[in-house]
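Here is the structure we will look at, set down as structure tokens.
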Amino acid sequence: MAGEQASGSGERKPGTPGPFSRWMQHKMNARTNRRMRRKRSGKVMGMDVLILHTVGRRTGEQRESPIAWFDDGDDAKLVVASGGGTLNPDWYVNLMAHPDQASMELPGHDAVPVTPQRLDGDDREQAWKRIVADQPRLGKYQAKSKRIYPVVRLTVR
């Protein structure tokens, strides 16, 4: 889901999904989360997936988003705020708005609190190289986007 909408006007910014698209994304996220919990397996389209728990930046409501992750050590995972829109996904905006309330749930495990850190500069470049070596399709998506996909390290607290 794309992030910020035009404030107060009721109009969408170009590149953001409409109400039907957002509704479909919510339904698909919930379905993926249920399947992951039932099967205790976290593979989607050949990628490892976790459930990221965030708090809505405007609503304060709990949110759960299935997100592809990449290993970054024993207690850390990398996630990429990718997507086809011109804005960052809602889960990323929520994560950055309330970093102290974030947790991640790996298949077969309870959610654990995490500290998110957006990677910049050389840290991002090194992480990005590892990510696209593992999943070249993300490099192809990035090449088609006008925005640079944020890379976030989630470290268990």
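Following the order of the structure tokens, chains are lettered A, B, ..., residues in each are numbered from 1, and ligands are numbered from 1.
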
Report task. Using DSSP on the backbone coordinates, identify all residues within stretch 28-151 of chain A classified as alpha helix (DSSP H); present the result as a ChimeraX atom specification. Result -> /A:28-39,90-97,121-134,136-144

Using DSSP on the backbone coordinates, identify the residues of stretch 63-125 of chain A assigned to strand (DSSP E or B); present them as a tab-separated table (two decimals) with N, CA and C atoms, in the first residue's frame.
chain	number	residue	atom	x	y	z
A	63	ARG	N	-1.36	-2.83	13.21
A	63	ARG	CA	-1.29	-3.25	11.81
A	63	ARG	C	-0.34	-4.44	11.70
A	64	GLU	N	-0.66	-5.37	10.81
A	64	GLU	CA	0.19	-6.54	10.56
A	64	GLU	C	0.40	-6.67	9.07
A	65	SER	N	1.66	-6.63	8.64
A	65	SER	CA	1.97	-6.68	7.22
A	65	SER	C	2.97	-7.78	6.93
A	66	PRO	N	2.66	-8.67	5.97
A	66	PRO	CA	3.66	-9.67	5.55
A	66	PRO	C	4.72	-8.97	4.70
A	67	ILE	N	5.99	-9.15	5.10
A	67	ILE	CA	7.09	-8.46	4.44
A	67	ILE	C	8.21	-9.45	4.16
A	68	ALA	N	8.78	-9.40	2.96
A	68	ALA	CA	9.95	-10.23	2.65
A	68	ALA	C	11.12	-9.73	3.50
A	69	TRP	N	11.93	-10.69	3.98
A	69	TRP	CA	13.08	-10.32	4.79
A	69	TRP	C	14.33	-11.03	4.30
A	70	PHE	N	15.47	-10.43	4.66
A	70	PHE	CA	16.77	-10.95	4.28
A	70	PHE	C	17.64	-10.96	5.54
A	71	ASP	N	18.41	-12.03	5.69
A	71	ASP	CA	19.20	-12.22	6.90
A	71	ASP	C	20.28	-11.14	7.02
A	76	ALA	N	19.00	-9.90	13.56
A	76	ALA	CA	18.62	-8.79	12.69
A	76	ALA	C	18.14	-9.31	11.33
A	77	LYS	N	17.15	-8.61	10.80
A	77	LYS	CA	16.61	-8.90	9.47
A	77	LYS	C	16.56	-7.59	8.69
A	78	LEU	N	16.74	-7.69	7.39
A	78	LEU	CA	16.60	-6.53	6.51
A	78	LEU	C	15.27	-6.62	5.78
A	79	VAL	N	14.57	-5.50	5.67
A	79	VAL	CA	13.34	-5.42	4.90
A	79	VAL	C	13.44	-4.23	3.96
A	80	VAL	N	12.75	-4.32	2.83
A	80	VAL	CA	12.82	-3.29	1.79
A	80	VAL	C	11.43	-2.70	1.59
A	89	PRO	N	5.42	2.49	1.16
A	89	PRO	CA	4.25	1.75	1.65
A	89	PRO	C	3.84	2.21	3.05
A	103	SER	N	7.28	-4.71	16.15
A	103	SER	CA	7.72	-6.08	16.45
A	103	SER	C	7.64	-6.89	15.16
A	104	MET	N	8.35	-8.03	15.16
A	104	MET	CA	8.28	-8.92	14.01
A	104	MET	C	7.95	-10.32	14.48
A	105	GLU	N	7.21	-11.01	13.64
A	105	GLU	CA	6.77	-12.37	13.93
A	105	GLU	C	7.28	-13.29	12.82
A	112	VAL	N	8.32	-10.58	18.46
A	112	VAL	CA	9.33	-10.04	19.36
A	112	VAL	C	9.55	-8.57	19.02
A	113	PRO	N	9.78	-7.74	20.03
A	113	PRO	CA	10.01	-6.31	19.77
A	113	PRO	C	11.30	-6.12	18.98
A	114	VAL	N	11.27	-5.15	18.08
A	114	VAL	CA	12.45	-4.84	17.27
A	114	VAL	C	12.71	-3.34	17.26
A	115	THR	N	13.95	-3.01	16.97
A	115	THR	CA	14.34	-1.63	16.75
A	115	THR	C	14.63	-1.47	15.27
A	116	PRO	N	13.86	-0.62	14.58
A	116	PRO	CA	14.12	-0.40	13.15
A	116	PRO	C	15.17	0.68	12.95
A	117	GLN	N	16.04	0.46	11.96
A	117	GLN	CA	17.05	1.45	11.60
A	117	GLN	C	17.10	1.54	10.09
A	118	ARG	N	16.75	2.72	9.56
A	118	ARG	CA	16.85	2.93	8.12
A	118	ARG	C	18.33	3.02	7.76
A	119	LEU	N	18.74	2.26	6.76
A	119	LEU	CA	20.13	2.27	6.34
A	119	LEU	C	20.34	3.32	5.27

Requested in this report: May I ask which of the residues A:Ala81, A:Leu95, A:Met28, A:Ala111 is the closest one to A:Trp128, counting only C-alpha atoms?
Outcome: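 With only C-alpha atoms as the atom set, the closest residue is A:Ala81.
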
Query - Using only C-alpha atoms: which of A:Gly108, A:Lys43, A:His53, A:Lys140 has the shortest distance to A:Trp91 - result: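 That would be A:His53, the residue with the smallest distance to A:Trp91.
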